[in-house]
Every structure is written in structure tokens, then in C-alpha cells.
Amino acid sequence: MTRSPASRLSPGLKYMLNAAFFFSLMGLFVRLVKDIPFIEVVVFRAAVSLVISAGLLLKAGKSLLGRNRGLLFLRGLFGFLGLSAYFYTIQAMPLAEAVTIQYTNPLFTALFAPLILKERGSGREWLASILAFGGVLFIAQPSSVSAVFPALIGLGGAMCSGLAYNIVRRLGQEGEDPLTIVMYFPLIALVLASPMAAATWRMPVGAEWLILLGVGVTTQVAQVSMTKGLRLERAARATVVNYLVIFLSTAYSLALGEELTVYSFIGMALIITGISSLTLRRRARPT
């Protein structure tokens, strides 16, 4: 009996697909509350995720502090920097452009993997990343000088995310519990973001409360799925799957009435090619 394409995906890639879907919803929710300062959205996202993570850890009777606290702190720090930059660009640029810039992070993941994980990417993986990055360049297309600064902030955030992903994988290799790894992200973010958010605080009204809750919940689901996926897949390959967020975010942009050009669709084709080459290589690998 012939198996469906989905059944041939590895468990790690399935987790990453799940993470991609919920990360795309998170971006949409952040865009919908663009009148609230981005650092305040970071605080709400961190608070919701911290409560959920701590509750699940306590229920399971596991340690809140973990074992490798130095690496856990660095995971939280780089995660916070990446998240803050991402939320800023979502509010400063069209959603599809902000997302495509953020999801250059697999290139940074591959760049830092030899230093943190002692991994070397194969030629096919590097080609897939180059194709996908080329797709990002076609889609992003900064349209004015004012868009350059947000784009640079976005690239800096993508670099921090690449570092965080490698640290997540390293912690997984050392046996750290996924929920503990996830919890340090909102813990550090809440501590660092709260003083900055207090200076520009704008109280949410009406449906904004529900949307902000959605930011926290969708991110929590995505983070747990991503952490599990990175424990099962090599970092450079697993994070390339996150480019799927671009397609979903493009659909959201169209629904929001944001203009997309033919370059966006050329970029999508390049990204699909890159992701497909990784998936085909996985299926062809001997078991």
C-alpha cells in the first residue's frame, strides 16, 4: 500500500510543520494589534506563555530551573531579542515582508551550527538554504528608504533566532526537558521587556485582550512543537521548514488587503524548491 506524503515525513519535520502553522497565527495576531507598542505585546506574549509553561512543569513534577542554567539563560536572551525584533518589524512593515525577513534565520542557524553543535551541512542543505534565501529576497523587496531600518532590525532578529535554535538543539542533546527550555524564553523576556513596556504602556480594549491572549497561546504551542522538532532533526534542516510560515502569512496579507507583487510569487517558487529538496533527501536516506 502506498503511503501518503505526510506519512513519509519524519516525526521531527511533523513537529516543525505544526510549529510553522501556529507561528503564522501568532504573526497575524501581532499585526492585528499594531496600535499597541510592540514591546507591550512581547510582555503579554511572555506572561501567557510563562504561566502555561510553569503550570505544565509543576503538574508534571519537573524542575522549573533546569540543569544547564547558563545555556538556558542564553536561549531566553537570544529568543527575547529575536522576538522583540520580529514584533517590531511586523508592526513597521507589511506582514508578508516582515515574516520573510524573520525566516532567513535558517541561514544563521546553519552558520552557527558548526560552532555550537559541531555539525556540518551537506551541499544539498546549503543549496536549499540559498534557494530559500533567494526567495526571501524576492518577496521582501524594501520599497523605500524608510523600510531599510526595519529590515535591518529584522535581519538582526533573525540572527538571534538562529543562535537560539542552535542552543535549543544543544540543550536537547544534553537531556534538558523541552518544557523547561520553553519556559526560560518567556521568563527572560518578561523580566527584560517589562521595564521598557511600562514607559509606553497602552491599556488594551475590547477584542484586543482576546487577540493578545491568542498571541501567547499560539506561541506556546508553536514553541513546544519547535523544541521537540529540533530534538529530532539537525538544526539547519529542521528550521528551513519554517519557511512555510511565509506562505500562510502571504495569505493573511492578501486577506488584510496588503499589496503583493509578482516578485512575491517568484520567491515562493524558490522557497518551495528548497524545502522540497530537503524533504526528498530525507525520504531517500537509507534506514
# chains A, B, ... in the order shown; residues from 1 in each chain; ligands from 1
$ residues_around --residues "stretch 124-133 of chain A" --least-positions-apart "5" --cutoff "6 Å" --atoms "only C-alpha atoms" --output "MDAnalysis selection string"
chainID A and resid 270:271 274
$ closest_atom_pairs --of "stretch 50-121 of chain A" --to "stretch 171-176 of chain A" --cutoff "9 Å" --atoms "only C-alpha atoms" --output "CSV"
residue,atom,partner,partner_atom,distance
A:Gly66,CA,A:Glu176,CA,6.9
A:Arg67,CA,A:Glu176,CA,7.0
A:Asn68,CA,A:Glu176,CA,7.6
A:Leu71,CA,A:Leu171,CA,7.3
A:Leu72,CA,A:Leu171,CA,7.7
$ atom_distance --atom1 "atom CA of A:Gly229" --atom2 "atom CA of A:Leu192"
27.2 Å
$ closest_residue --among "A:Ile36, A:Leu65, A:Leu260, A:Ala92" --to "A:Trp209" --atoms "only C-alpha atoms"
A:Ile36
$ closest_residue --among "A:Ala60, A:Ile272, A:Leu232, A:Val191" --to "A:Ser10" --atoms "only C-alpha atoms"
A:Leu232
$ residues_around --residues "A:Pro150" --least-positions-apart "3" --cutoff "9 Å" --atoms "only C-alpha atoms" --output "number ranges by chain"
A: 85, 88-89, 92-93, 98, 146-147, 153-155
$ write_last_selection --atoms "C-alpha atoms" --output "PDB file, in the first residue's frame"
ATOM      1  CA  ALA A  85      12.847  42.471  16.603  1.00  0.00           C
ATOM      2  CA  TYR A  88       8.757  45.398  15.745  1.00  0.00           C
ATOM      3  CA  THR A  89       9.049  44.563  12.040  1.00  0.00           C
ATOM      4  CA  ALA A  92       6.536  48.507  10.936  1.00  0.00           C
ATOM      5  CA  MET A  93       6.218  46.594   7.624  1.00  0.00           C
ATOM      6  CA  ALA A  98       8.298  41.076   7.998  1.00  0.00           C
ATOM      7  CA  SER A 146      12.164  54.187   5.456  1.00  0.00           C
ATOM      8  CA  ALA A 147      11.865  50.405   5.084  1.00  0.00           C
ATOM      9  CA  ILE A 153      16.281  45.191  12.640  1.00  0.00           C
ATOM     10  CA  GLY A 154      14.505  42.151  11.216  1.00  0.00           C
ATOM     11  CA  LEU A 155      17.765  40.606   9.980  1.00  0.00           C
TER      12      LEU A 155
END
$ residues_around --residues "A:Val262" --least-positions-apart "3" --cutoff "10 Å" --atoms "only C-alpha atoms" --output "number ranges by chain"
A: 138-139, 265-267
$ write_last_selection --atoms "N, CA and C atoms" --output "tab-separated table (two decimals), in the first residue's frame"
chain	number	residue	atom	x	y	z
A	138	PHE	N	13.35	38.02	-3.00
A	138	PHE	CA	12.33	38.39	-3.99
A	138	PHE	C	11.06	38.89	-3.30
A	139	ILE	N	10.69	38.24	-2.19
A	139	ILE	CA	9.42	38.59	-1.54
A	139	ILE	C	9.53	39.89	-0.74
A	265	PHE	N	5.58	35.93	-5.67
A	265	PHE	CA	5.28	34.59	-6.14
A	265	PHE	C	6.52	33.89	-6.71
A	266	ILE	N	7.44	34.67	-7.29
A	266	ILE	CA	8.73	34.09	-7.70
A	266	ILE	C	9.47	33.57	-6.46
A	267	GLY	N	9.44	34.37	-5.40
A	267	GLY	CA	10.08	33.95	-4.16
A	267	GLY	C	9.48	32.69	-3.59
$ closest_residue --among "A:Thr104, A:Thr261, A:Thr109, A:Thr227" --to "A:Met16" --atoms "only C-alpha atoms"
A:Thr227
$ closest_residue --among "A:Phe247, A:Tyr184, A:Tyr103, A:Tyr15" --to "A:Gly82" --atoms "only C-alpha atoms"
A:Tyr103
$ select_by_dssp --residues "stretch 52-117 of chain A" --states "alpha helix (DSSP H)" --output "PyMOL selection string"
chain A and resi 52-60+69-92+95-102+105-116
$ residues_around --residues "A:Leu256" --least-positions-apart "5" --cutoff "12 Å" --atoms "only C-alpha atoms" --output "ChimeraX atom specification"
/A:28-29,31-32,94-96,249-251
$ closest_residue --among "A:Phe73, A:Phe78, A:Phe23, A:Tyr263" --to "A:Gly162" --atoms "only C-alpha atoms"
A:Phe78
$ atom_distance --atom1 "atom CA of A:Phe108" --atom2 "atom CA of A:Arg231"
18.1 Å
$ closest_residue --among "A:Glu97, A:Arg169, A:Gly134, A:Val48" --to "A:Ala113" --atoms "only C-alpha atoms"
A:Arg169
$ residues_around --residues "A:Gly216" --least-positions-apart "3" --cutoff "12 Å" --atoms "only C-alpha atoms" --output "NGL selection string"
:A and (22-23 or 25-27 or 29-30 or 41-53 or 186 or 209-213 or 219-223)
$ write_last_selection --atoms "C-alpha atoms" --output "compact mmCIF listing (two decimals), in the first residue's frame"
# COMPACT_ATOMS: atom_id res chain seq x y z
CA PHE A 22 0.96 28.29 14.94
CA PHE A 23 3.81 30.75 14.43
CA LEU A 25 -1.15 32.66 13.55
CA MET A 26 0.99 34.45 16.11
CA GLY A 27 2.25 36.86 13.44
CA PHE A 29 -2.44 38.33 15.82
CA VAL A 30 0.52 40.70 16.38
CA VAL A 41 2.88 42.74 23.00
CA VAL A 42 6.12 40.96 23.96
CA VAL A 43 5.13 41.29 27.63
CA PHE A 44 1.66 39.83 27.06
CA ARG A 45 3.07 37.01 24.95
CA ALA A 46 5.69 36.21 27.61
CA ALA A 47 3.24 36.37 30.52
CA VAL A 48 0.75 33.94 28.96
CA SER A 49 3.47 31.52 27.87
CA LEU A 50 5.21 31.64 31.26
CA VAL A 51 2.02 30.78 33.14
CA ILE A 52 1.28 27.85 30.81
CA SER A 53 4.86 26.53 30.90
CA PRO A 186 9.13 33.91 28.36
CA TRP A 209 -7.48 41.33 25.06
CA LEU A 210 -8.52 38.15 23.23
CA ILE A 211 -6.02 38.75 20.42
CA LEU A 212 -3.19 39.26 22.90
CA LEU A 213 -4.21 36.05 24.65
CA THR A 219 3.27 30.92 20.53
CA GLN A 220 3.28 28.41 23.38
CA VAL A 221 2.02 25.62 21.11
CA ALA A 222 4.50 26.61 18.40
CA GLN A 223 7.44 26.78 20.81
$ atom_distance --atom1 "atom CA of A:Leu81" --atom2 "atom CA of A:Ser161"
8.0 Å
